[in-house]
$ cat data-v5.txt   # compact mmCIF, C-alpha atoms
# COMPACT_ATOMS: atom_id res chain seq x y z
CA MET A 1 -35.92 -42.97 -42.83
CA PRO A 2 -37.20 -43.52 -39.28
CA GLU A 3 -40.93 -43.75 -38.81
CA THR A 4 -42.54 -40.41 -37.94
CA PRO A 5 -44.65 -40.76 -34.82
CA SER A 6 -48.26 -39.61 -35.24
CA ALA A 7 -49.18 -36.23 -33.73
CA SER A 8 -50.97 -37.79 -30.78
CA ALA A 9 -47.97 -40.00 -30.00
CA GLN A 10 -45.68 -36.97 -29.72
CA PRO A 11 -44.69 -35.86 -26.22
CA PRO A 12 -46.99 -33.15 -24.79
CA HIS A 13 -44.18 -30.58 -25.08
CA ARG A 14 -44.03 -30.95 -28.87
CA ARG A 15 -47.78 -30.79 -29.25
CA ARG A 16 -48.01 -27.64 -27.20
CA SER A 17 -45.30 -26.06 -29.34
CA ALA A 18 -47.18 -26.70 -32.59
CA SER A 19 -50.40 -25.17 -31.29
CA SER A 20 -48.54 -22.23 -29.73
CA ARG A 21 -46.75 -21.69 -33.03
CA ARG A 22 -50.08 -21.51 -34.87
CA ALA A 23 -51.56 -19.18 -32.23
CA ILE A 24 -48.54 -16.88 -32.41
CA LEU A 25 -48.53 -16.71 -36.21
CA ASP A 26 -52.28 -16.08 -36.30
CA ALA A 27 -52.04 -13.41 -33.60
CA SER A 28 -49.32 -11.56 -35.56
CA LEU A 29 -51.50 -11.43 -38.69
CA ASP A 30 -54.63 -10.45 -36.76
CA LEU A 31 -52.77 -7.56 -35.14
CA CYS A 32 -51.33 -6.39 -38.49
CA ALA A 33 -54.84 -6.43 -39.95
CA ASP A 34 -56.23 -4.44 -37.00
CA GLN A 35 -53.47 -1.86 -36.51
CA GLY A 36 -51.13 -2.09 -39.46
CA TYR A 37 -47.69 -3.67 -39.10
CA GLY A 38 -45.90 -0.68 -37.56
CA PRO A 39 -47.43 -0.53 -34.07
CA VAL A 40 -47.48 -4.32 -33.52
CA THR A 41 -45.13 -5.49 -30.74
CA VAL A 42 -43.89 -8.91 -29.65
CA GLU A 43 -45.63 -8.15 -26.35
CA ALA A 44 -49.00 -7.67 -28.06
CA ILE A 45 -48.53 -10.83 -30.15
CA ALA A 46 -47.75 -12.80 -26.98
CA ALA A 47 -50.78 -11.41 -25.16
CA ARG A 48 -53.13 -12.18 -28.04
CA ALA A 49 -51.70 -15.69 -28.53
CA GLY A 50 -51.83 -16.44 -24.80
CA VAL A 51 -48.10 -17.18 -24.53
CA SER A 52 -45.21 -15.42 -22.85
CA LYS A 53 -42.86 -13.02 -24.66
CA LYS A 54 -40.11 -15.48 -23.73
CA THR A 55 -41.82 -18.22 -25.74
CA ILE A 56 -41.84 -16.03 -28.83
CA TYR A 57 -38.21 -14.99 -28.41
CA ARG A 58 -37.20 -18.63 -27.99
CA TRP A 59 -38.38 -19.30 -31.56
CA TRP A 60 -38.09 -15.97 -33.37
CA PRO A 61 -35.63 -13.06 -33.09
CA SER A 62 -38.18 -10.30 -33.83
CA LYS A 63 -41.76 -9.45 -34.67
CA GLY A 64 -40.71 -9.30 -38.31
CA ALA A 65 -39.51 -12.90 -38.19
CA VAL A 66 -42.91 -13.99 -36.80
CA VAL A 67 -44.80 -12.15 -39.54
CA LEU A 68 -42.44 -13.55 -42.18
CA GLU A 69 -43.18 -17.11 -41.09
CA ALA A 70 -46.92 -16.40 -40.91
CA LEU A 71 -46.84 -15.04 -44.48
CA ASP A 72 -44.74 -17.99 -45.63
CA ASP A 73 -47.52 -20.30 -44.41
CA ALA A 74 -50.19 -18.09 -46.00
CA ALA A 75 -48.38 -17.80 -49.33
CA ASN A 76 -48.40 -21.51 -49.98
CA PRO A 77 -51.89 -21.83 -51.39
CA ALA A 78 -51.96 -18.23 -52.66
CA ALA A 79 -48.77 -18.37 -54.71
CA ASP A 80 -48.87 -21.99 -55.91
CA PHE A 81 -47.65 -22.44 -59.46
CA PRO A 82 -49.92 -24.42 -61.77
CA ASP A 83 -48.64 -26.33 -64.79
CA SER A 84 -51.39 -26.96 -67.32
CA GLY A 85 -48.99 -26.81 -70.25
CA ASP A 86 -50.29 -23.37 -71.26
CA LEU A 87 -47.83 -20.83 -69.83
CA LEU A 88 -49.98 -17.75 -70.37
CA GLU A 89 -53.02 -19.26 -68.64
CA ASP A 90 -50.87 -20.61 -65.81
CA LEU A 91 -49.42 -17.15 -65.23
CA VAL A 92 -52.88 -15.58 -65.17
CA VAL A 93 -54.00 -18.09 -62.53
CA GLN A 94 -50.86 -17.77 -60.43
CA MET A 95 -50.60 -13.99 -60.52
CA GLU A 96 -54.31 -13.57 -59.87
CA GLY A 97 -53.95 -15.85 -56.85
CA LEU A 98 -51.05 -13.77 -55.63
CA VAL A 99 -52.87 -10.45 -55.97
CA ARG A 100 -56.25 -11.67 -54.67
CA GLY A 101 -55.05 -14.14 -52.07
CA LEU A 102 -52.12 -12.21 -50.68
CA PHE A 103 -51.60 -8.57 -51.74
CA SER A 104 -55.20 -7.42 -51.48
CA ASP A 105 -56.15 -9.73 -48.62
CA ARG A 106 -56.98 -7.68 -45.54
CA ARG A 107 -55.07 -10.06 -43.31
CA PHE A 108 -51.95 -10.58 -45.42
CA GLY A 109 -51.52 -7.42 -47.53
CA PRO A 110 -50.74 -4.88 -44.78
CA ALA A 111 -48.54 -7.46 -43.03
CA LEU A 112 -46.52 -8.00 -46.22
CA VAL A 113 -46.12 -4.29 -46.93
CA GLY A 114 -45.05 -3.59 -43.34
CA LEU A 115 -42.64 -6.52 -43.40
CA ILE A 116 -40.98 -5.31 -46.62
CA ALA A 117 -40.65 -1.83 -45.11
CA ASP A 118 -39.07 -3.36 -42.01
CA THR A 119 -36.50 -5.26 -44.11
CA GLN A 120 -35.08 -1.90 -45.22
CA HIS A 121 -33.69 -1.41 -41.71
CA ASP A 122 -33.05 -5.03 -40.70
CA PRO A 123 -30.53 -6.96 -42.83
CA MET A 124 -31.30 -10.31 -41.13
CA LEU A 125 -34.99 -9.90 -41.90
CA ALA A 126 -34.11 -8.91 -45.48
CA ARG A 127 -32.16 -12.17 -45.80
CA GLY A 128 -35.19 -14.09 -44.51
CA LEU A 129 -37.47 -12.33 -47.00
CA VAL A 130 -35.18 -13.22 -49.90
CA ASP A 131 -34.28 -16.78 -48.84
CA ASP A 132 -37.46 -18.03 -47.19
CA LEU A 133 -40.39 -16.08 -48.63
CA PHE A 134 -39.26 -15.11 -52.14
CA GLY A 135 -36.56 -17.69 -52.91
CA PRO A 136 -38.64 -20.86 -53.26
CA ARG A 137 -41.44 -19.06 -55.16
CA VAL A 138 -39.04 -17.39 -57.58
CA GLU A 139 -37.49 -20.84 -58.08
CA ASP A 140 -40.94 -22.33 -58.89
CA ALA A 141 -41.55 -19.57 -61.44
CA ARG A 142 -38.10 -20.08 -62.94
CA ARG A 143 -38.70 -23.82 -63.29
CA ARG A 144 -42.03 -23.21 -65.04
CA LEU A 145 -40.41 -20.73 -67.44
CA VAL A 146 -37.51 -23.04 -68.26
CA LYS A 147 -40.02 -25.77 -69.06
CA ALA A 148 -41.93 -23.38 -71.33
CA ARG A 149 -38.66 -22.47 -73.02
CA ASP A 150 -37.77 -26.15 -73.49
CA VAL A 151 -41.02 -26.76 -75.36
CA GLY A 152 -40.61 -23.59 -77.45
CA GLN A 153 -43.40 -21.48 -75.90
CA ILE A 154 -40.90 -18.70 -75.29
CA SER A 155 -37.67 -17.84 -77.11
CA GLN A 156 -34.59 -20.01 -76.58
CA ASP A 157 -32.75 -16.78 -75.63
CA ALA A 158 -35.31 -15.79 -72.98
CA ASP A 159 -33.75 -15.14 -69.58
CA PRO A 160 -36.13 -16.49 -66.92
CA ASN A 161 -34.86 -13.95 -64.37
CA LEU A 162 -35.71 -11.06 -66.66
CA VAL A 163 -39.13 -12.54 -67.42
CA ILE A 164 -39.80 -12.86 -63.69
CA GLU A 165 -38.87 -9.21 -63.17
CA LEU A 166 -41.06 -8.05 -66.03
CA LEU A 167 -44.03 -10.02 -64.71
CA TYR A 168 -43.86 -9.55 -60.97
CA ALA A 169 -42.09 -6.20 -60.48
CA PRO A 170 -45.16 -4.23 -61.68
CA LEU A 171 -47.23 -5.80 -58.88
CA TYR A 172 -44.77 -4.67 -56.21
CA TYR A 173 -44.42 -1.28 -57.90
CA ARG A 174 -48.11 -0.58 -57.36
CA LEU A 175 -48.16 -2.15 -53.91
CA LEU A 176 -45.11 -0.36 -52.48
CA LEU A 177 -45.07 2.89 -54.41
CA HIS A 178 -48.77 3.66 -54.03
CA GLN A 179 -49.26 3.68 -57.80
CA GLY A 180 -52.99 3.08 -57.85
CA ASP A 181 -55.16 -0.01 -57.49
CA LEU A 182 -53.58 -3.43 -57.77
CA HIS A 183 -53.87 -5.19 -61.13
CA ASP A 184 -57.29 -6.69 -61.85
CA THR A 185 -57.66 -9.76 -64.05
CA THR A 186 -57.86 -7.75 -67.27
CA GLU A 187 -54.73 -5.77 -66.43
CA LEU A 188 -52.86 -8.92 -65.39
CA ARG A 189 -53.71 -10.56 -68.71
CA VAL A 190 -52.55 -7.50 -70.68
CA LEU A 191 -49.32 -7.38 -68.65
CA ILE A 192 -48.62 -11.09 -69.21
CA GLU A 193 -49.43 -10.83 -72.95
CA HIS A 194 -46.93 -7.98 -73.28
CA VAL A 195 -44.21 -9.94 -71.52
CA MET A 196 -44.96 -13.00 -73.68
CA ARG A 197 -44.59 -10.80 -76.77
CA ALA A 198 -41.22 -9.56 -75.46
CA VAL A 199 -39.92 -13.15 -75.29
CA ALA A 200 -41.90 -14.72 -78.14
CA PRO A 201 -40.01 -17.43 -80.08
CA LYS A 202 -38.24 -16.04 -83.14
CA THR A 203 -40.23 -16.87 -86.27
CA MET B 1 -46.92 39.55 -63.88
CA PRO B 2 -45.23 41.65 -61.20
CA GLU B 3 -41.47 41.99 -61.35
CA THR B 4 -39.63 39.43 -59.25
CA PRO B 5 -37.08 41.19 -57.04
CA SER B 6 -33.53 39.82 -57.39
CA ALA B 7 -32.22 37.62 -54.57
CA SER B 8 -30.07 40.39 -53.14
CA ALA B 9 -33.03 42.78 -53.05
CA GLN B 10 -35.08 40.32 -50.99
CA PRO B 11 -35.48 41.10 -47.30
CA PRO B 12 -32.85 39.44 -45.04
CA HIS B 13 -35.50 37.10 -43.66
CA ARG B 14 -36.13 35.52 -47.10
CA ARG B 15 -32.43 35.16 -47.81
CA ARG B 16 -31.79 33.45 -44.50
CA SER B 17 -34.65 31.05 -45.18
CA ALA B 18 -33.17 29.91 -48.49
CA SER B 19 -29.78 29.17 -46.98
CA SER B 20 -31.36 27.45 -43.95
CA ARG B 21 -33.48 25.39 -46.32
CA ARG B 22 -30.39 24.23 -48.20
CA ALA B 23 -28.55 23.46 -44.93
CA ILE B 24 -31.51 21.46 -43.60
CA LEU B 25 -31.95 19.43 -46.81
CA ASP B 26 -28.21 18.72 -47.00
CA ALA B 27 -28.05 17.75 -43.33
CA SER B 28 -30.91 15.26 -43.78
CA LEU B 29 -29.12 13.52 -46.67
CA ASP B 30 -25.76 13.53 -44.89
CA LEU B 31 -27.33 11.88 -41.85
CA CYS B 32 -29.11 9.26 -43.98
CA ALA B 33 -25.80 8.46 -45.68
CA ASP B 34 -24.03 8.13 -42.31
CA GLN B 35 -26.63 6.21 -40.30
CA GLY B 36 -29.31 5.04 -42.70
CA TYR B 37 -32.72 6.70 -42.76
CA GLY B 38 -34.23 4.92 -39.75
CA PRO B 39 -32.32 6.46 -36.83
CA VAL B 40 -32.30 10.03 -38.23
CA THR B 41 -34.36 12.50 -36.17
CA VAL B 42 -35.56 16.06 -36.76
CA GLU B 43 -33.43 16.97 -33.74
CA ALA B 44 -30.27 15.59 -35.37
CA ILE B 45 -31.06 17.33 -38.68
CA ALA B 46 -31.54 20.63 -36.83
CA ALA B 47 -28.26 20.23 -34.91
CA ARG B 48 -26.30 19.41 -38.06
CA ALA B 49 -27.88 22.24 -40.04
CA GLY B 50 -27.34 24.73 -37.22
CA VAL B 51 -31.02 25.63 -36.93
CA SER B 52 -33.67 25.03 -34.27
CA LYS B 53 -36.13 22.14 -34.38
CA LYS B 54 -38.83 24.83 -34.47
CA THR B 55 -37.43 26.14 -37.75
CA ILE B 56 -37.73 22.71 -39.33
CA TYR B 57 -41.24 22.12 -38.04
CA ARG B 58 -42.28 25.54 -39.36
CA TRP B 59 -41.57 24.33 -42.90
CA TRP B 60 -41.96 20.52 -42.79
CA PRO B 61 -44.27 18.22 -40.81
CA SER B 62 -41.75 15.38 -40.39
CA LYS B 63 -38.27 14.11 -41.10
CA GLY B 64 -39.72 12.20 -44.06
CA ALA B 65 -41.01 15.43 -45.58
CA VAL B 66 -37.52 16.96 -45.32
CA VAL B 67 -35.89 13.94 -46.99
CA LEU B 68 -38.58 13.93 -49.67
CA GLU B 69 -37.83 17.55 -50.59
CA ALA B 70 -34.08 16.90 -50.52
CA LEU B 71 -34.53 13.97 -52.91
CA ASP B 72 -36.83 16.02 -55.11
CA ASP B 73 -33.99 18.55 -55.52
CA ALA B 74 -31.47 15.77 -56.11
CA ALA B 75 -33.63 13.93 -58.64
CA ASN B 76 -33.81 16.85 -61.01
CA PRO B 77 -30.52 16.35 -62.80
CA ALA B 78 -30.47 12.58 -62.13
CA ALA B 79 -33.87 11.77 -63.61
CA ASP B 80 -34.03 14.34 -66.44
CA PHE B 81 -35.64 13.00 -69.58
CA PRO B 82 -33.72 13.52 -72.82
CA ASP B 83 -35.38 13.71 -76.21
CA SER B 84 -32.96 12.93 -79.01
CA GLY B 85 -35.68 11.43 -81.22
CA ASP B 86 -34.40 7.90 -80.51
CA LEU B 87 -36.61 6.47 -77.76
CA LEU B 88 -34.44 3.46 -76.93
CA GLU B 89 -31.27 5.52 -76.53
CA ASP B 90 -33.12 8.17 -74.52
CA LEU B 91 -34.40 5.49 -72.15
CA VAL B 92 -30.90 4.05 -71.71
CA VAL B 93 -29.56 7.50 -70.81
CA GLN B 94 -32.43 8.36 -68.48
CA MET B 95 -32.59 5.03 -66.66
CA GLU B 96 -28.82 4.87 -66.32
CA GLY B 97 -28.90 8.36 -64.81
CA LEU B 98 -31.58 7.25 -62.38
CA VAL B 99 -29.70 4.13 -61.25
CA ARG B 100 -26.24 5.73 -61.12
CA GLY B 101 -27.20 9.20 -59.97
CA LEU B 102 -29.90 8.29 -57.47
CA PHE B 103 -30.43 4.61 -56.53
CA SER B 104 -26.79 3.63 -56.15
CA ASP B 105 -25.59 7.02 -54.93
CA ARG B 106 -24.36 6.72 -51.36
CA ARG B 107 -26.06 9.96 -50.39
CA PHE B 108 -29.42 9.47 -52.11
CA GLY B 109 -30.00 5.69 -52.33
CA PRO B 110 -30.40 4.87 -48.62
CA ALA B 111 -32.45 8.03 -48.12
CA LEU B 112 -34.84 7.00 -50.91
CA VAL B 113 -35.21 3.43 -49.64
CA GLY B 114 -35.84 4.61 -46.08
CA LEU B 115 -38.32 7.21 -47.29
CA ILE B 116 -40.29 4.63 -49.29
CA ALA B 117 -40.36 2.36 -46.22
CA ASP B 118 -41.62 5.27 -44.13
CA THR B 119 -44.47 5.96 -46.58
CA GLN B 120 -45.91 2.54 -45.71
CA HIS B 121 -46.86 3.89 -42.28
CA ASP B 122 -47.50 7.56 -43.13
CA PRO B 123 -50.30 8.28 -45.63
CA MET B 124 -49.44 11.99 -45.90
CA LEU B 125 -45.85 11.14 -46.78
CA ALA B 126 -47.10 8.54 -49.28
CA ARG B 127 -49.17 11.28 -50.94
CA GLY B 128 -46.06 13.48 -51.13
CA LEU B 129 -44.04 10.66 -52.67
CA VAL B 130 -46.67 10.08 -55.34
CA ASP B 131 -47.55 13.72 -56.08
CA ASP B 132 -44.24 15.53 -55.64
CA LEU B 133 -41.45 13.01 -56.24
CA PHE B 134 -42.93 10.49 -58.68
CA GLY B 135 -45.77 12.42 -60.31
CA PRO B 136 -43.86 14.96 -62.40
CA ARG B 137 -41.25 12.37 -63.47
CA VAL B 138 -43.85 9.80 -64.48
CA GLU B 139 -45.54 12.59 -66.44
CA ASP B 140 -42.25 13.38 -68.25
CA ALA B 141 -41.86 9.71 -69.17
CA ARG B 142 -45.47 9.52 -70.34
CA ARG B 143 -45.03 12.59 -72.54
CA ARG B 144 -41.89 11.10 -74.12
CA LEU B 145 -43.71 7.80 -74.79
CA VAL B 146 -46.75 9.51 -76.30
CA LYS B 147 -44.42 11.40 -78.65
CA ALA B 148 -42.72 8.14 -79.63
CA ARG B 149 -46.14 6.62 -80.27
CA ASP B 150 -47.18 9.62 -82.38
CA VAL B 151 -44.17 9.14 -84.67
CA GLY B 152 -44.73 5.37 -84.87
CA GLN B 153 -41.73 4.19 -82.82
CA ILE B 154 -44.06 2.15 -80.62
CA SER B 155 -47.44 0.61 -81.39
CA GLN B 156 -50.51 2.84 -81.66
CA ASP B 157 -52.12 0.56 -79.03
CA ALA B 158 -49.26 0.92 -76.56
CA ASP B 159 -50.40 2.08 -73.12
CA PRO B 160 -47.77 4.50 -71.76
CA ASN B 161 -48.67 3.59 -68.17
CA LEU B 162 -47.99 -0.09 -68.81
CA VAL B 163 -44.73 0.72 -70.59
CA ILE B 164 -43.65 2.82 -67.61
CA GLU B 165 -44.40 -0.07 -65.25
CA LEU B 166 -42.52 -2.57 -67.39
CA LEU B 167 -39.48 -0.29 -67.58
CA TYR B 168 -39.20 1.15 -64.08
CA ALA B 169 -40.80 -1.46 -61.81
CA PRO B 170 -37.83 -3.86 -62.22
CA LEU B 171 -35.50 -1.18 -60.82
CA TYR B 172 -37.60 -0.79 -57.69
CA TYR B 173 -38.05 -4.56 -57.43
CA ARG B 174 -34.30 -5.01 -57.04
CA LEU B 175 -33.91 -1.93 -54.85
CA LEU B 176 -36.72 -2.68 -52.38
CA LEU B 177 -36.89 -6.48 -52.44
CA HIS B 178 -33.14 -7.06 -52.16
CA GLN B 179 -33.09 -8.95 -55.46
CA GLY B 180 -29.40 -8.56 -56.23
CA ASP B 181 -27.30 -5.76 -57.68
CA LEU B 182 -29.00 -2.87 -59.42
CA HIS B 183 -29.14 -3.01 -63.22
CA ASP B 184 -25.88 -2.19 -64.98
CA THR B 185 -25.86 -0.60 -68.43
CA THR B 186 -25.98 -3.94 -70.23
CA GLU B 187 -28.94 -5.15 -68.18
CA LEU B 188 -30.75 -1.84 -68.63
CA ARG B 189 -30.34 -2.09 -72.38
CA VAL B 190 -31.62 -5.68 -72.44
CA LEU B 191 -34.59 -4.68 -70.27
CA ILE B 192 -35.46 -1.73 -72.51
CA GLU B 193 -35.07 -3.82 -75.69
CA HIS B 194 -37.52 -6.37 -74.28
CA VAL B 195 -40.07 -3.70 -73.42
CA MET B 196 -39.66 -2.14 -76.88
CA ARG B 197 -40.31 -5.57 -78.41
CA ALA B 198 -43.48 -5.89 -76.29
CA VAL B 199 -44.85 -2.65 -77.77
CA ALA B 200 -43.28 -2.75 -81.23
CA PRO B 201 -45.43 -1.28 -84.00
CA LYS B 202 -47.51 -3.95 -85.77
CA THR B 203 -45.91 -4.83 -89.11

$ encode --input "data-v5.txt" --output "structure tokens"
Amino acid sequence: MPETPSASAQPPHRRRSASSRRAILDASLDLCADQGYGPVTVEAIAARAGVSKKTIYRWWPSKGAVVLEALDDAANPAADFPDSGDLLEDLVVQMEGLVRGLFSDRRFGPALVGLIADTQHDPMLARGLVDDLFGPRVEDARRRLVKARDVGQISQDADPNLVIELLYAPLYYRLLLHQGDLHDTTELRVLIEHVMRAVAPKT
Amino acid sequence: MPETPSASAQPPHRRRSASSRRAILDASLDLCADQGYGPVTVEAIAARAGVSKKTIYRWWPSKGAVVLEALDDAANPAADFPDSGDLLEDLVVQMEGLVRGLFSDRRFGPALVGLIADTQHDPMLARGLVDDLFGPRVEDARRRLVKARDVGQISQDADPNLVIELLYAPLYYRLLLHQGDLHDTTELRVLIEHVMRAVAPKT
């Protein structure tokens, strides 16, 4: 592999792009937090980030695509998947991080909800949501569950995809269908314990 | 209670209202099926139903409110809750009816998805979704689960609200987050069996 030049050795053009990218992503989240996702425009993002509309459209096809990338950056620490060897405790930590760090965060929650709404009318954005935002995280969860299955913490018959639906769908159900407060730690633990019981190893 | 006059004895004004109501609700669903929810306007619904915009706004505050009432009518046969005494079989029938008769119906599915998206920007519509469309059906499900708990088919500790989330949230997860095809009968049965295992009576 060729040597990667250090940031300061990059041509000015590349450096400007990286800082503009950050400014644009931040501006999109700030605006979603202030106004909700709906009223935010590419024009407003450009103005707040101090770039031209043209700059944004050179890199992203729509406001939704900007917000998607901003959330993808944000989700990395929030949705990280621990592996302590204890599946139940790892799920509590991960799901709590997701609810606290993303869903109920003032800066990320409304942006995520608005983005998901937008994907209902925009098939390209829906593809981005599935492939870029959800895909890698669902894959992390699946890997953790397969490992737990391999060491006999859950049943050999357990279908990781079904387990993922049972665990995570209730969070989106409350978030998107206005079904009350998001899960607190106690509720998350009860939810996870129920799902673990559903796929407990046969004795 | 005073006698209710028969439909034909009602003044012409009331009769016209009922048929206009039906025409307006049908027009809103037809348009959602043709174009998707997003582009549909109150103007287009009025034109298709052969009424004035003013007539629609006299009865409903927004296009979303029209679609909500149309779906509420449609959901009655589709989401009815049977009570054969066998909880698992009743859930299979009810959830299959919901997926087949509503979610994957060409006339109702896109309208429902678009409506849910719209509730993310419209708090009054969100309230309507929760109180009018979901509320009574969640209550039906809760009643059926409490009865099953009373006769010992599920654990005395089982929380009906959690069971409802475990059962129904996965349907909305696939529908709203583009996570593949909706559940077929086999998948529904597997899902329900897992949830029943999670709340099985202690032996």

$ residues_near_point --input "data-v5.txt" --point "(-39.6, 22.7, -33.9)" --cutoff "12 Å" --atoms "all atoms listed in the file" --output "PDB file with C-alpha atoms, in the frame of the given file"
ATOM      1  CA  THR B  41     -34.360  12.500 -36.170  1.00  0.00           C
ATOM      2  CA  VAL B  42     -35.560  16.060 -36.760  1.00  0.00           C
ATOM      3  CA  GLU B  43     -33.430  16.970 -33.740  1.00  0.00           C
ATOM      4  CA  ALA B  44     -30.270  15.590 -35.370  1.00  0.00           C
ATOM      5  CA  ILE B  45     -31.060  17.330 -38.680  1.00  0.00           C
ATOM      6  CA  ALA B  46     -31.540  20.630 -36.830  1.00  0.00           C
ATOM      7  CA  ALA B  47     -28.260  20.230 -34.910  1.00  0.00           C
ATOM      8  CA  VAL B  51     -31.020  25.630 -36.930  1.00  0.00           C
ATOM      9  CA  SER B  52     -33.670  25.030 -34.270  1.00  0.00           C
ATOM     10  CA  LYS B  53     -36.130  22.140 -34.380  1.00  0.00           C
ATOM     11  CA  LYS B  54     -38.830  24.830 -34.470  1.00  0.00           C
ATOM     12  CA  THR B  55     -37.430  26.140 -37.750  1.00  0.00           C
ATOM     13  CA  ILE B  56     -37.730  22.710 -39.330  1.00  0.00           C
ATOM     14  CA  TYR B  57     -41.240  22.120 -38.040  1.00  0.00           C
ATOM     15  CA  ARG B  58     -42.280  25.540 -39.360  1.00  0.00           C
ATOM     16  CA  TRP B  59     -41.570  24.330 -42.900  1.00  0.00           C
ATOM     17  CA  TRP B  60     -41.960  20.520 -42.790  1.00  0.00           C
ATOM     18  CA  PRO B  61     -44.270  18.220 -40.810  1.00  0.00           C
ATOM     19  CA  SER B  62     -41.750  15.380 -40.390  1.00  0.00           C
ATOM     20  CA  LYS B  63     -38.270  14.110 -41.100  1.00  0.00           C
TER      21      LYS B  63
END

$ interface_residues --input "data-v5.txt" --of "chain A" --to "chain B" --cutoff "9 Å" --atoms "all atoms listed in the file" --output "ChimeraX atom specification"
/A:36-38,110,113-114,116-121,126-127,129-130,134,162,165-174,176-179,190-191,193-199

$ atom_distance --input "data-v5.txt" --atom1 "CA of Ala27 (chain B)" --atom2 "CA of Phe81 (chain B)"
27.7 Å

$ closest_residue --input "data-v5.txt" --among "B:Leu87, B:Gly128, B:Arg189, B:Asp105" --to "Arg142 (chain B)" --atoms "all atoms listed in the file"
B:Leu87

$ atom_distance --input "data-v5.txt" --atom1 "CA of Thr185 (chain A)" --atom2 "CA of Pro82 (chain A)"
16.7 Å

$ residues_around --input "data-v5.txt" --residues "Ala148 (chain B)" --least-positions-apart "3" --cutoff "10 Å" --atoms "only C-alpha atoms" --output "MDAnalysis selection string"
chainID B and resid 83 85:88 142:145 151:156

$ axis_aligned_box --input "data-v5.txt" --around "region 123-131 of chain A" --padding-each-side "6 Å" --output "AutoDock Vina command-line options"
--center_x -34.0 --center_y -11.9 --center_z -45.5 --size_x 18.9 --size_y 21.8 --size_z 20.8

$ atom_distance --input "data-v5.txt" --atom1 "CA of Ala70 (chain B)" --atom2 "CA of Asp26 (chain B)"
7.1 Å
